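Engineer: What follows is work.pdb, made up of PDB, C-alpha atoms and all ligand atoms:
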```pdb
ATOM      1  CA  MET A 111     154.493 -74.436 -43.330
ATOM      2  CA  VAL A 112     156.606 -77.045 -41.640
ATOM      3  CA  PHE A 113     159.677 -75.131 -40.482
ATOM      4  CA  SER A 114     159.687 -71.346 -40.647
ATOM      5  CA  SER A 115     163.459 -70.779 -40.806
ATOM      6  CA  ILE A 116     166.828 -72.524 -40.568
ATOM      7  CA  ASP A 117     167.095 -71.412 -36.935
ATOM      8  CA  ASP A 118     163.696 -72.944 -36.340
ATOM      9  CA  VAL A 119     164.937 -76.281 -37.760
ATOM     10  CA  GLN A 120     167.955 -76.208 -35.437
ATOM     11  CA  ALA A 121     165.847 -75.316 -32.424
ATOM     12  CA  LEU A 122     163.153 -77.943 -33.047
ATOM     13  CA  LEU A 123     165.707 -80.676 -33.702
ATOM     14  CA  GLY A 124     167.578 -79.529 -30.602
ATOM     15  CA  GLN A 125     164.420 -80.193 -28.588
ATOM     16  CA  GLN A 126     164.696 -83.810 -29.798
ATOM     17  CA  SER A 127     168.334 -83.847 -28.583
ATOM     18  CA  TYR A 128     169.514 -83.782 -32.181
ATOM     19  CA  ILE A 129     172.306 -81.313 -32.782
ATOM     20  CA  ALA A 130     172.391 -80.246 -36.433
ATOM     21  CA  ASP A 131     175.061 -77.912 -37.763
ATOM     22  CA  ARG A 132     174.048 -74.996 -39.944
ATOM     23  CA  ALA A 133     174.709 -76.804 -43.238
ATOM     24  CA  LEU A 134     172.587 -79.816 -42.315
ATOM     25  CA  ALA A 135     169.797 -77.636 -40.924
ATOM     26  CA  THR A 136     169.824 -75.648 -44.178
ATOM     27  CA  VAL A 137     169.440 -78.808 -46.265
ATOM     28  CA  ALA A 138     166.561 -79.981 -44.078
ATOM     29  CA  PHE A 139     164.875 -76.589 -44.291
ATOM     30  CA  LEU A 140     165.194 -76.414 -48.086
ATOM     31  CA  ALA A 141     164.095 -80.009 -48.623
ATOM     32  CA  LEU A 142     160.897 -79.352 -46.701
ATOM     33  CA  ARG A 143     160.313 -75.988 -48.341
ATOM     34  CA  LEU A 144     160.859 -77.340 -51.877
ATOM     35  CA  ASN A 145     159.360 -80.801 -51.308
ATOM     36  CA  ARG A 146     162.581 -82.529 -52.299
ATOM     37  CA  PRO A 147     164.052 -85.719 -50.834
ATOM     38  CA  ILE A 148     167.198 -85.372 -48.690
ATOM     39  CA  PHE A 149     170.140 -87.595 -49.566
ATOM     40  CA  LEU A 150     172.543 -88.053 -46.648
ATOM     41  CA  GLU A 151     175.840 -89.787 -47.152
ATOM     42  CA  GLY A 152     178.570 -90.190 -44.578
ATOM     43  CA  GLU A 153     180.560 -92.284 -42.155
ATOM     44  CA  PRO A 154     178.749 -94.778 -39.904
ATOM     45  CA  GLY A 155     177.350 -93.473 -36.647
ATOM     46  CA  THR A 156     177.225 -89.799 -37.597
ATOM     47  CA  GLY A 157     173.487 -89.238 -37.158
ATOM     48  CA  LYS A 158     172.065 -89.962 -40.623
ATOM     49  CA  THR A 159     169.307 -92.295 -39.467
ATOM     50  CA  GLU A 160     168.670 -90.349 -36.292
ATOM     51  CA  ILE A 161     167.822 -87.090 -38.071
ATOM     52  CA  ALA A 162     164.867 -88.760 -39.803
ATOM     53  CA  LYS A 163     163.511 -89.782 -36.397
ATOM     54  CA  ALA A 164     164.135 -86.300 -35.013
ATOM     55  CA  ILE A 165     162.376 -84.588 -37.934
ATOM     56  CA  ALA A 166     159.376 -86.928 -37.633
ATOM     57  CA  THR A 167     159.045 -86.305 -33.893
ATOM     58  CA  ALA A 168     159.632 -82.553 -34.228
ATOM     59  CA  LEU A 169     156.838 -82.289 -36.820
ATOM     60  CA  GLY A 170     154.530 -84.799 -35.124
ATOM     61  CA  ARG A 171     154.601 -87.050 -38.198
ATOM     62  CA  ARG A 172     154.715 -90.790 -38.452
ATOM     63  CA  LEU A 173     158.113 -92.255 -39.318
ATOM     64  CA  ILE A 174     158.041 -95.024 -41.916
ATOM     65  CA  ARG A 175     161.330 -96.812 -42.406
ATOM     66  CA  LEU A 176     162.428 -98.854 -45.375
ATOM     67  CA  GLN A 177     165.583-100.663 -44.311
ATOM     68  CA  CYS A 178     167.473-101.581 -47.469
ATOM     69  CA  TYR A 179     169.401-104.812 -47.892
ATOM     70  CA  GLU A 180     170.959-106.809 -50.665
ATOM     71  CA  GLY A 181     168.232-108.459 -52.700
ATOM     72  CA  LEU A 182     165.452-106.092 -51.593
ATOM     73  CA  ASP A 183     162.982-105.987 -54.458
ATOM     74  CA  ALA A 184     160.213-103.640 -55.416
ATOM     75  CA  ALA A 185     157.497-106.077 -54.359
ATOM     76  CA  SER A 186     158.629-106.419 -50.748
ATOM     77  CA  ALA A 187     159.204-102.660 -50.492
ATOM     78  CA  VAL A 188     155.670-101.870 -51.651
ATOM     79  CA  TYR A 189     153.224-104.651 -50.814
ATOM     80  CA  GLU A 190     152.721-108.378 -50.470
ATOM     81  CA  TRP A 191     149.665-110.555 -50.593
ATOM     82  CA  ASN A 192     148.873-112.340 -47.360
ATOM     83  CA  PHE A 193     149.365-115.785 -48.782
ATOM     84  CA  ALA A 194     148.493-117.702 -45.608
ATOM     85  CA  ALA A 195     145.217-115.824 -45.141
ATOM     86  CA  GLN A 196     144.384-116.319 -48.823
ATOM     87  CA  MET A 197     144.897-120.069 -48.430
ATOM     88  CA  ILE A 198     142.607-120.206 -45.410
ATOM     89  CA  ALA A 199     139.930-118.283 -47.289
ATOM     90  CA  ILE A 200     140.218-120.670 -50.233
ATOM     91  CA  ARG A 201     139.848-123.704 -47.940
ATOM     92  CA  ALA A 202     136.839-122.127 -46.235
ATOM     93  CA  ALA A 203     135.256-121.377 -49.601
ATOM     94  CA  GLU A 204     135.901-124.930 -50.712
ATOM     95  CA  ALA A 205     134.293-126.306 -47.574
ATOM     96  CA  THR A 206     131.181-124.146 -47.848
ATOM     97  CA  GLY A 207     131.042-124.255 -51.640
ATOM     98  CA  ASP A 208     130.600-120.477 -51.673
ATOM     99  CA  LYS A 209     133.102-119.457 -54.344
ATOM    100  CA  ALA A 210     131.340-116.461 -55.832
ATOM    101  CA  ASP A 211     133.590-113.377 -56.055
ATOM    102  CA  LEU A 212     136.366-115.286 -54.352
ATOM    103  CA  ARG A 213     139.098-114.137 -56.696
ATOM    104  CA  ALA A 214     138.213-110.448 -56.434
ATOM    105  CA  GLU A 215     138.022-110.771 -52.668
ATOM    106  CA  LEU A 216     141.369-112.572 -52.378
ATOM    107  CA  PHE A 217     143.130-109.751 -54.219
ATOM    108  CA  GLY A 218     141.359-106.979 -52.342
ATOM    109  CA  PRO A 219     142.426-104.735 -49.477
ATOM    110  CA  ASP A 220     141.685-107.379 -46.790
ATOM    111  CA  TYR A 221     144.525-109.586 -48.012
ATOM    112  CA  LEU A 222     146.990-106.849 -48.841
ATOM    113  CA  ILE A 223     150.011-106.386 -46.598
ATOM    114  CA  GLU A 224     151.246-102.837 -47.018
ATOM    115  CA  ARG A 225     155.018-102.418 -47.000
ATOM    116  CA  PRO A 226     156.781 -99.082 -46.291
ATOM    117  CA  LEU A 227     156.537 -97.446 -49.725
ATOM    118  CA  LEU A 228     152.809 -98.055 -49.938
ATOM    119  CA  GLN A 229     152.257 -96.989 -46.331
ATOM    120  CA  ALA A 230     154.091 -93.749 -47.119
ATOM    121  CA  MET A 231     151.573 -92.934 -49.867
ATOM    122  CA  ARG A 232     148.656 -93.182 -47.429
ATOM    123  CA  PRO A 233     147.369 -90.200 -45.505
ATOM    124  CA  GLN A 234     148.497 -90.342 -41.878
ATOM    125  CA  PRO A 235     147.295 -88.562 -38.765
ATOM    126  CA  GLY A 236     149.328 -85.372 -38.354
ATOM    127  CA  GLY A 237     150.092 -85.042 -42.066
ATOM    128  CA  ALA A 238     152.316 -86.684 -44.656
ATOM    129  CA  PRO A 239     154.708 -89.133 -43.006
ATOM    130  CA  VAL A 240     158.505 -89.059 -42.974
ATOM    131  CA  LEU A 241     159.779 -91.861 -45.214
ATOM    132  CA  LEU A 242     163.278 -93.015 -44.273
ATOM    133  CA  ILE A 243     164.948 -95.093 -46.990
ATOM    134  CA  ASP A 244     167.905 -96.267 -44.959
ATOM    135  CA  GLU A 245     171.213 -97.518 -46.362
ATOM    136  CA  ILE A 246     170.236 -97.399 -50.017
ATOM    137  CA  ASP A 247     173.800 -98.379 -51.014
ATOM    138  CA  ARG A 248     172.990-101.925 -49.892
ATOM    139  CA  THR A 249     170.438-102.446 -52.664
ATOM    140  CA  ASP A 250     171.130-102.904 -56.358
ATOM    141  CA  GLU A 251     170.610-100.721 -59.419
ATOM    142  CA  PRO A 252     167.239-102.118 -60.542
ATOM    143  CA  PHE A 253     165.821-101.217 -57.133
ATOM    144  CA  GLU A 254     167.292 -97.734 -57.413
ATOM    145  CA  ALA A 255     165.637 -97.291 -60.795
ATOM    146  CA  PHE A 256     162.343 -98.403 -59.304
ATOM    147  CA  LEU A 257     162.750 -95.951 -56.422
ATOM    148  CA  LEU A 258     163.531 -93.139 -58.789
ATOM    149  CA  GLU A 259     160.190 -93.681 -60.416
ATOM    150  CA  ALA A 260     158.275 -94.046 -57.168
ATOM    151  CA  LEU A 261     159.853 -90.841 -55.854
ATOM    152  CA  SER A 262     159.249 -88.787 -58.961
ATOM    153  CA  ASP A 263     155.486 -89.061 -58.981
ATOM    154  CA  PHE A 264     154.844 -90.430 -55.491
ATOM    155  CA  GLN A 265     152.671 -93.220 -56.723
ATOM    156  CA  VAL A 266     152.832 -97.009 -56.797
ATOM    157  CA  THR A 267     150.933 -99.451 -58.933
ATOM    158  CA  ILE A 268     149.493-102.754 -57.789
ATOM    159  CA  PRO A 269     148.368-104.712 -60.849
ATOM    160  CA  GLU A 270     145.298-106.187 -59.119
ATOM    161  CA  LEU A 271     144.241-102.946 -57.441
ATOM    162  CA  GLY A 272     145.427-100.079 -59.616
ATOM    163  CA  THR A 273     147.580 -97.027 -58.942
ATOM    164  CA  ILE A 274     147.782 -95.470 -55.513
ATOM    165  CA  ARG A 275     148.952 -91.884 -55.440
ATOM    166  CA  ALA A 276     149.964 -89.901 -52.364
ATOM    167  CA  ALA A 277     147.569 -87.023 -51.797
ATOM    168  CA  GLU A 278     150.393 -85.213 -49.996
ATOM    169  CA  PRO A 279     153.956 -86.367 -50.795
ATOM    170  CA  PRO A 280     155.887 -87.849 -47.865
ATOM    171  CA  ILE A 281     159.032 -86.183 -46.512
ATOM    172  CA  VAL A 282     161.735 -88.463 -47.897
ATOM    173  CA  ILE A 283     165.167 -89.016 -46.371
ATOM    174  CA  LEU A 284     167.635 -91.378 -48.032
ATOM    175  CA  THR A 285     170.870 -92.436 -46.368
ATOM    176  CA  SER A 286     173.974 -94.177 -47.637
ATOM    177  CA  ASN A 287     177.233 -95.337 -46.106
ATOM    178  CA  ARG A 288     178.782 -95.100 -49.538
ATOM    179  CA  THR A 289     179.814 -98.728 -49.798
ATOM    180  CA  ARG A 290     179.107 -98.029 -53.472
ATOM    181  CA  GLU A 291     178.149 -94.928 -55.437
ATOM    182  CA  VAL A 292     174.436 -94.365 -55.802
ATOM    183  CA  HIS A 293     173.296 -93.469 -59.311
ATOM    184  CA  ASP A 294     173.448 -89.812 -60.362
ATOM    185  CA  ALA A 295     169.846 -89.816 -61.569
ATOM    186  CA  LEU A 296     168.630 -90.617 -58.068
ATOM    187  CA  LYS A 297     170.977 -88.109 -56.433
ATOM    188  CA  ARG A 298     169.860 -85.421 -58.863
ATOM    189  CA  ARG A 299     166.322 -85.618 -57.528
ATOM    190  CA  CYS A 300     167.532 -84.998 -53.998
ATOM    191  CA  LEU A 301     169.276 -82.352 -51.962
ATOM    192  CA  TYR A 302     172.630 -83.886 -51.087
ATOM    193  CA  HIS A 303     174.572 -83.512 -47.859
ATOM    194  CA  TRP A 304     177.736 -85.229 -46.679
ATOM    195  CA  VAL A 305     177.498 -85.888 -42.924
ATOM    196  CA  ASP A 306     180.992 -85.600 -41.518
ATOM    197  CA  TYR A 307     182.272 -86.321 -38.044
ATOM    198  CA  PRO A 308     181.386 -83.312 -35.889
ATOM    199  CA  ASN A 309     184.085 -80.926 -34.716
ATOM    200  CA  PHE A 310     185.052 -80.767 -31.038
ATOM    201  CA  ALA A 311     182.490 -78.159 -30.025
ATOM    202  CA  ARG A 312     179.587 -79.868 -31.764
ATOM    203  CA  GLU A 313     180.479 -83.321 -30.520
ATOM    204  CA  LEU A 314     180.625 -81.904 -26.990
ATOM    205  CA  GLU A 315     177.163 -80.450 -27.529
ATOM    206  CA  ILE A 316     175.875 -83.816 -28.801
ATOM    207  CA  LEU A 317     177.345 -85.562 -25.774
ATOM    208  CA  ALA A 318     175.739 -83.021 -23.445
ATOM    209  CA  ALA A 319     172.381 -83.731 -25.118
ATOM    210  CA  ARG A 320     172.702 -87.520 -25.139
ATOM    211  CA  ALA A 321     174.666 -88.231 -21.950
ATOM    212  CA  PRO A 322     173.883 -85.242 -19.740
ATOM    213  CA  GLU A 323     174.983 -87.120 -16.600
ATOM    214  CA  ALA A 324     178.637 -86.886 -17.664
ATOM    215  CA  SER A 325     180.555 -84.047 -16.043
ATOM    216  CA  GLU A 326     181.882 -81.224 -18.200
ATOM    217  CA  ARG A 327     185.427 -82.327 -17.459
ATOM    218  CA  LEU A 328     184.913 -85.997 -18.357
ATOM    219  CA  SER A 329     182.945 -85.063 -21.476
ATOM    220  CA  ARG A 330     185.715 -82.790 -22.710
ATOM    221  CA  GLU A 331     188.292 -85.518 -22.180
ATOM    222  CA  ILE A 332     186.160 -88.135 -23.944
ATOM    223  CA  VAL A 333     185.519 -85.918 -26.957
ATOM    224  CA  ALA A 334     189.158 -84.763 -27.197
ATOM    225  CA  PHE A 335     190.314 -88.382 -27.068
ATOM    226  CA  VAL A 336     187.861 -89.601 -29.699
ATOM    227  CA  GLN A 337     188.632 -86.654 -31.972
ATOM    228  CA  ARG A 338     192.349 -87.390 -31.665
ATOM    229  CA  LEU A 339     191.712 -91.109 -32.207
ATOM    230  CA  ARG A 340     189.984 -90.374 -35.539
ATOM    231  CA  MET A 341     193.296 -89.007 -36.850
ATOM    232  CA  GLU A 342     194.850 -92.464 -36.447
ATOM    233  CA  ASP A 343     194.924 -94.846 -39.348
ATOM    234  CA  LEU A 344     192.224 -97.195 -38.058
ATOM    235  CA  PHE A 345     190.283 -99.894 -39.822
ATOM    236  CA  LYS A 346     187.055 -98.376 -38.475
ATOM    237  CA  LYS A 347     187.023 -94.950 -36.872
ATOM    238  CA  PRO A 348     184.642 -94.361 -33.980
ATOM    239  CA  GLY A 349     181.444 -92.478 -34.865
ATOM    240  CA  VAL A 350     179.371 -90.239 -32.629
ATOM    241  CA  ALA A 351     177.376 -93.285 -31.567
ATOM    242  CA  GLU A 352     180.584 -94.764 -30.102
ATOM    243  CA  THR A 353     181.439 -91.547 -28.274
ATOM    244  CA  ILE A 354     178.049 -91.633 -26.571
ATOM    245  CA  ASP A 355     178.308 -95.351 -25.772
ATOM    246  CA  TRP A 356     181.748 -94.910 -24.328
ATOM    247  CA  ALA A 357     180.621 -92.033 -22.105
ATOM    248  CA  LYS A 358     177.802 -94.232 -20.782
ATOM    249  CA  CYS A 359     180.223 -97.073 -20.066
ATOM    250  CA  LEU A 360     182.587 -94.747 -18.215
ATOM    251  CA  LEU A 361     179.681 -93.358 -16.173
ATOM    252  CA  ALA A 362     178.570 -96.865 -15.283
ATOM    253  CA  LEU A 363     182.098 -97.494 -13.987
ATOM    254  CA  ASP A 364     182.082 -94.231 -11.975
ATOM    255  CA  VAL A 365     185.091 -92.981 -13.889
ATOM    256  CA  LEU A 366     185.858 -89.331 -13.169
ATOM    257  CA  GLU A 367     188.731 -88.862 -15.588
ATOM    258  CA  LEU A 368     190.455 -90.857 -18.310
ATOM    259  CA  SER A 369     193.606 -92.852 -17.674
ATOM    260  CA  PRO A 370     195.475 -95.305 -19.952
ATOM    261  CA  GLU A 371     194.181 -98.188 -17.789
ATOM    262  CA  VAL A 372     190.539 -97.101 -17.999
ATOM    263  CA  ILE A 373     190.902 -96.587 -21.741
ATOM    264  CA  SER A 374     192.332-100.015 -22.396
ATOM    265  CA  ASP A 375     189.652-101.655 -20.225
ATOM    266  CA  THR A 376     186.811 -99.990 -22.155
ATOM    267  CA  LEU A 377     188.200 -99.839 -25.694
ATOM    268  CA  GLY A 378     185.515-102.247 -26.890
ATOM    269  CA  ALA A 379     182.979 -99.424 -26.627
ATOM    270  CA  ILE A 380     184.788 -97.267 -29.203
ATOM    271  CA  LEU A 381     186.710 -99.697 -31.399
ATOM    272  CA  LYS A 382     185.054-102.747 -32.914
ATOM    273  CA  TYR A 383     187.983-104.452 -34.626
ATOM    274  CA  GLN A 384     190.583-106.462 -32.788
ATOM    275  CA  ASP A 385     193.450-105.019 -34.875
ATOM    276  CA  ASP A 386     192.439-101.483 -33.900
ATOM    277  CA  ILE A 387     192.065-102.477 -30.249
ATOM    278  CA  ALA A 388     195.445-104.237 -30.188
ATOM    279  CA  ARG A 389     197.117-101.122 -31.612
ATOM    280  CA  LEU A 390     195.619 -98.900 -28.976
ATOM    281  CA  GLN A 391     196.481-100.982 -25.992
ATOM    282  CA  GLY A 392     199.434 -99.972 -23.856
ATOM    283  CA  LEU A 393     201.729 -97.139 -24.895
ATOM    284  CA  GLU A 394     199.716 -95.904 -27.855
ATOM    285  CA  ALA A 395     196.677 -95.120 -25.691
ATOM    286  CA  LYS A 396     198.800 -93.103 -23.280
ATOM    287  CA  LYS A 397     200.368 -91.122 -26.104
ATOM    288  CA  ILE A 398     196.984 -90.300 -27.630
ATOM    289  CA  LEU A 399     195.556 -89.377 -24.239
ATOM    290  CA  ASP A 400     198.491 -87.025 -23.569
ATOM    291  CA  GLU A 401     198.015 -85.355 -26.926
ATOM    292  CA  ALA A 402     194.262 -85.093 -26.430
ATOM    293  CA  ARG A 403     194.843 -83.450 -23.025
ATOM    294  CA  GLN A 404     197.298 -80.980 -24.553
ATOM    295  CA  SER A 405     194.667 -79.933 -27.050
ATOM    296  CA  LEU A 406     192.379 -79.179 -24.102
ATOM    297  CA  GLU A 407     194.953 -77.137 -22.153
ATOM    298  CA  PRO A 408     193.829 -73.524 -22.657
ATOM    299  CA  ALA A 409     190.300 -74.458 -21.547
TER     300      ALA A 409
HETATM  301  N1  LIG A 501     173.987 -84.714 -34.467
HETATM  302  C1  LIG A 501     173.592 -85.577 -33.518
HETATM  303  N2  LIG A 501     172.841 -85.162 -32.496
HETATM  304  C2  LIG A 501     172.454 -86.039 -31.539
HETATM  305  N3  LIG A 501     172.766 -87.334 -31.525
HETATM  306  C3  LIG A 501     173.530 -87.801 -32.517
HETATM  307  C4  LIG A 501     173.969 -86.956 -33.573
HETATM  308  N4  LIG A 501     174.708 -87.682 -34.417
HETATM  309  C5  LIG A 501     174.720 -88.921 -33.937
HETATM  310  N5  LIG A 501     174.010 -89.019 -32.799
HETATM  311  C6  LIG A 501     173.844 -90.211 -31.974
HETATM  312  O1  LIG A 501     174.538 -91.275 -32.576
HETATM  313  C7  LIG A 501     173.688 -92.412 -32.703
HETATM  314  C8  LIG A 501     173.941 -93.038 -34.034
HETATM  315  O2  LIG A 501     173.423 -92.242 -35.042
HETATM  316  P1  LIG A 501     172.765 -92.867 -36.328
HETATM  317  O3  LIG A 501     172.289 -94.232 -36.070
HETATM  318  O4  LIG A 501     171.813 -91.875 -36.869
HETATM  319  O5  LIG A 501     174.050 -92.943 -37.270
HETATM  320  P2  LIG A 501     174.099 -93.306 -38.811
HETATM  321  O6  LIG A 501     174.826 -92.183 -39.446
HETATM  322  O7  LIG A 501     172.749 -93.646 -39.303
HETATM  323  O8  LIG A 501     175.034 -94.578 -38.759
HETATM  324  P3  LIG A 501     175.031 -95.851 -39.724
HETATM  325  O9  LIG A 501     175.638 -95.328 -40.991
HETATM  326  O10 LIG A 501     175.922 -96.795 -39.007
HETATM  327  O11 LIG A 501     173.628 -96.294 -39.858
HETATM  328  C9  LIG A 501     172.274 -91.919 -32.541
HETATM  329  O12 LIG A 501     171.503 -92.834 -31.826
HETATM  330  C10 LIG A 501     172.423 -90.651 -31.752
HETATM  331  O13 LIG A 501     172.303 -90.965 -30.375
HETATM  332 MG    MG A 502     171.942 -95.404 -39.989
END
```
Here is the file; what I need is its structure written in the form of structure tokens.
Structural biologist:
Amino acid sequence: MVFSSIDDVQALLGQQSYIADRALATVAFLALRLNRPIFLEGEPGTGKTEIAKAIATALGRRLIRLQCYEGLDAASAVYEWNFAAQMIAIRAAEATGDKADLRAELFGPDYLIERPLLQAMRPQPGGAPVLLIDEIDRTDEPFEAFLLEALSDFQVTIPELGTIRAAEPPIVILTSNRTREVHDALKRRCLYHWVDYPNFARELEILAARAPEASERLSREIVAFVQRLRMEDLFKKPGVAETIDWAKCLLALDVLELSPEVISDTLGAILKYQDDIARLQGLEAKKILDEARQSLEPA
């Protein structure tokens, strides 16, 4: 058994400095118990990719990552033939005149480059690997349909070699930033979870795990400010990743507490669009800081 209870999931992920709320830990627990893929959708920088790494490390499994992009096709997700090596072998065979069995050899395991989906079907030390299919919304529908098939029977077919089936199915985690809707048929196979921005208490916990050098006081101010900032109508709201980055920047500058000046000097760590930065400079930053501090008052 991989995880014995939901509490166990939270504790083991916590040891990897990953703070999962109860709902997310429940999904992870059930997915592992029922052998179902996890489908995580949510805002950028909220820990979707990171949880796959944390689960792999917590279980001592290998992490295999398929980074999706526009134009990704089944062939490059599964395998490729090592064309350059095949050419060299052909030249060598031509030179020596030894061409017997050349074709079979050229399309054999020695010339096969295994891509993530094929790697994930192979037995790995420590047990079935964790297969992270990251940012699936960047691919197109034919690739989704292909994935659906690969994930339903955990096998892939290479015409020259035959079908390769996973002896033990990998632990599959799919993520999406929801730049488009992923097909229902694929979602139906998975346990779905929307990863939201954490609340104040959880974000403080994440910051304590990821930037433990920050004082309690500075951390509380940072989190209160970022939480308040997310209520603004911004082009791109800061994720947890930005909160952590910002804390590290402030520490590097020996900042002990926030001030409008410090905020405007370091805005580039939390906001990545000039329009958002321009809005926050000057009076607006002070107003948001004052409101964030008020929310901290009865600490
Ligand atoms: N719950 C969490 N516990 C600990 N660290 C977290 C958590 N959520 C986010 N982080 C931190 O934020 C960083 C960014 O997270 P991650 O890359 O997983 O986000 P993402 O949701 O995959 O974003 P994107 O959609 O942009 O790919 C991680 O490196 C990690 O340090
Ligand atoms: Mg990610």
Engineer: Using all atoms listed in the file, can you tell me which of A:Leu142, A:Val372, A:Ile148, A:Ala130 comes closest to ligand LIG 501 (chain A)?
Structural biologist: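 Smallest separation from ligand LIG 501 (chain A) among the options: A:Ala130.
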Engineer: Env of Phe335 in chain A: 10 Å cut, atoms = only C-alpha atoms, seq-sep filter 2 positions within chain, self excluded. Answer as number ranges by chain.
Structural biologist: A: 329-333, 337-340, 353, 368, 373, 395, 398-403, 405-406
Engineer: Quick check, in Å to one decimal: how far apart do atom O9 of ligand LIG 501 (chain A) and CA of Ser286 in chain A lie?
Structural biologist: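 These two atoms are separated by 6.9 Å.
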Engineer: Residues contacting ligand LIG 501 (chain A) - anything with an atom at most 7 Å away, using all atoms listed in the file - can you give me those as a PDB file with C-alpha atoms, in the frame of the given file?
Structural biologist:
```
ATOM      1  CA  SER A 127     168.334 -83.847 -28.583  1.00  0.00           C
ATOM      2  CA  TYR A 128     169.514 -83.782 -32.181  1.00  0.00           C
ATOM      3  CA  ILE A 129     172.306 -81.313 -32.782  1.00  0.00           C
ATOM      4  CA  ALA A 130     172.391 -80.246 -36.433  1.00  0.00           C
ATOM      5  CA  GLY A 152     178.570 -90.190 -44.578  1.00  0.00           C
ATOM      6  CA  GLU A 153     180.560 -92.284 -42.155  1.00  0.00           C
ATOM      7  CA  PRO A 154     178.749 -94.778 -39.904  1.00  0.00           C
ATOM      8  CA  GLY A 155     177.350 -93.473 -36.647  1.00  0.00           C
ATOM      9  CA  THR A 156     177.225 -89.799 -37.597  1.00  0.00           C
ATOM     10  CA  GLY A 157     173.487 -89.238 -37.158  1.00  0.00           C
ATOM     11  CA  LYS A 158     172.065 -89.962 -40.623  1.00  0.00           C
ATOM     12  CA  THR A 159     169.307 -92.295 -39.467  1.00  0.00           C
ATOM     13  CA  GLU A 160     168.670 -90.349 -36.292  1.00  0.00           C
ATOM     14  CA  ILE A 161     167.822 -87.090 -38.071  1.00  0.00           C
ATOM     15  CA  SER A 286     173.974 -94.177 -47.637  1.00  0.00           C
ATOM     16  CA  ASN A 287     177.233 -95.337 -46.106  1.00  0.00           C
ATOM     17  CA  ILE A 316     175.875 -83.816 -28.801  1.00  0.00           C
ATOM     18  CA  ALA A 319     172.381 -83.731 -25.118  1.00  0.00           C
ATOM     19  CA  ARG A 320     172.702 -87.520 -25.139  1.00  0.00           C
ATOM     20  CA  VAL A 350     179.371 -90.239 -32.629  1.00  0.00           C
ATOM     21  CA  ALA A 351     177.376 -93.285 -31.567  1.00  0.00           C
ATOM     22  CA  ILE A 354     178.049 -91.633 -26.571  1.00  0.00           C
TER      23      ILE A 354
END
```
Engineer: With the PyMOL selection byres (((chain A and resi 170) around 10) and not hetatm) as the selection, what would be picked from this file? Answer as a list in words, please.
Structural biologist: Ala164, Ile165, Ala166, Thr167, Ala168, Leu169, Arg171, Arg172, Leu173, Pro235, Gly236, Gly237, Ala238, Pro239 and Val240 of chain A
Engineer: Pull C-alpha atoms from the residues just selected and write them as a PDB file, keeping the file's coordinate frame.
Structural biologist:
```pdb
ATOM      1  CA  ALA A 164     164.135 -86.300 -35.013  1.00  0.00           C
ATOM      2  CA  ILE A 165     162.376 -84.588 -37.934  1.00  0.00           C
ATOM      3  CA  ALA A 166     159.376 -86.928 -37.633  1.00  0.00           C
ATOM      4  CA  THR A 167     159.045 -86.305 -33.893  1.00  0.00           C
ATOM      5  CA  ALA A 168     159.632 -82.553 -34.228  1.00  0.00           C
ATOM      6  CA  LEU A 169     156.838 -82.289 -36.820  1.00  0.00           C
ATOM      7  CA  ARG A 171     154.601 -87.050 -38.198  1.00  0.00           C
ATOM      8  CA  ARG A 172     154.715 -90.790 -38.452  1.00  0.00           C
ATOM      9  CA  LEU A 173     158.113 -92.255 -39.318  1.00  0.00           C
ATOM     10  CA  PRO A 235     147.295 -88.562 -38.765  1.00  0.00           C
ATOM     11  CA  GLY A 236     149.328 -85.372 -38.354  1.00  0.00           C
ATOM     12  CA  GLY A 237     150.092 -85.042 -42.066  1.00  0.00           C
ATOM     13  CA  ALA A 238     152.316 -86.684 -44.656  1.00  0.00           C
ATOM     14  CA  PRO A 239     154.708 -89.133 -43.006  1.00  0.00           C
ATOM     15  CA  VAL A 240     158.505 -89.059 -42.974  1.00  0.00           C
TER      16      VAL A 240
END
```
Engineer: Taking the file above as input, evaluate the PyMOL selection byres (((chain A and resi 214-223) around 10) and not hetatm) and report the hits as an MDAnalysis selection string.
Structural biologist: chainID A and resid 186 188:197 199:200 210:213 224:226 228:229 269:271
Engineer: Name the closest residue to Pro370 in chain A among the candidates A:Ala187, A:Lys396, A:Asp355, A:Ile387; distances are taken between atoms, counting only C-alpha atoms.
Structural biologist: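 Ranking A:Ala187, A:Lys396, A:Asp355, A:Ile387 by distance to Pro370 in chain A, first place goes to A:Lys396.
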Engineer: I'd like to see the residues matched by the PyMOL selection byres (((chain A and resi 139) around 7) and not hetatm) on this file, and ideally I'd get them as an MDAnalysis selection string.
Structural biologist: chainID A and resid 113 115:116 119 135:138 140:143
Engineer: As AutoDock Vina command-line options, what would the box around range 368-376 of chain A look like: edges along x, y and z, 6 Å added on every side, centre and edge lengths in Å to one decimal?
Structural biologist:
```
--center_x 191.1 --center_y -96.3 --center_z -20.0 --size_x 20.7 --size_y 22.8 --size_z 16.7
```
Engineer: Can you pull out the residues contacting His293 in chain A? Cut-off 10 Å, using only C-alpha atoms, and skip same-chain residues under 2 positions away; I want them as a list in words.
Structural biologist: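 Contacts, in chain order: Asp247, Glu251, Glu254, Ala255, Leu258, Arg290, Glu291, Ala295, Leu296, Lys297 and Arg298 of chain A.
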Engineer: Could you check the closest approach to Thr273 in chain A for each of A:Ala260, A:Leu363, A:Leu150, A:Tyr307 and tell me which residue wins, using only C-alpha atoms?
Structural biologist: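 The closest residue to Thr273 in chain A is A:Ala260.
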Engineer: For Ile283 in chain A, which residue out of A:Ala205, A:Val112, A:Ala388, A:Ile174 is the nearest one, using all atoms listed in the file?
Structural biologist: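 Closest residue, counting all atoms listed in the file: A:Ile174.
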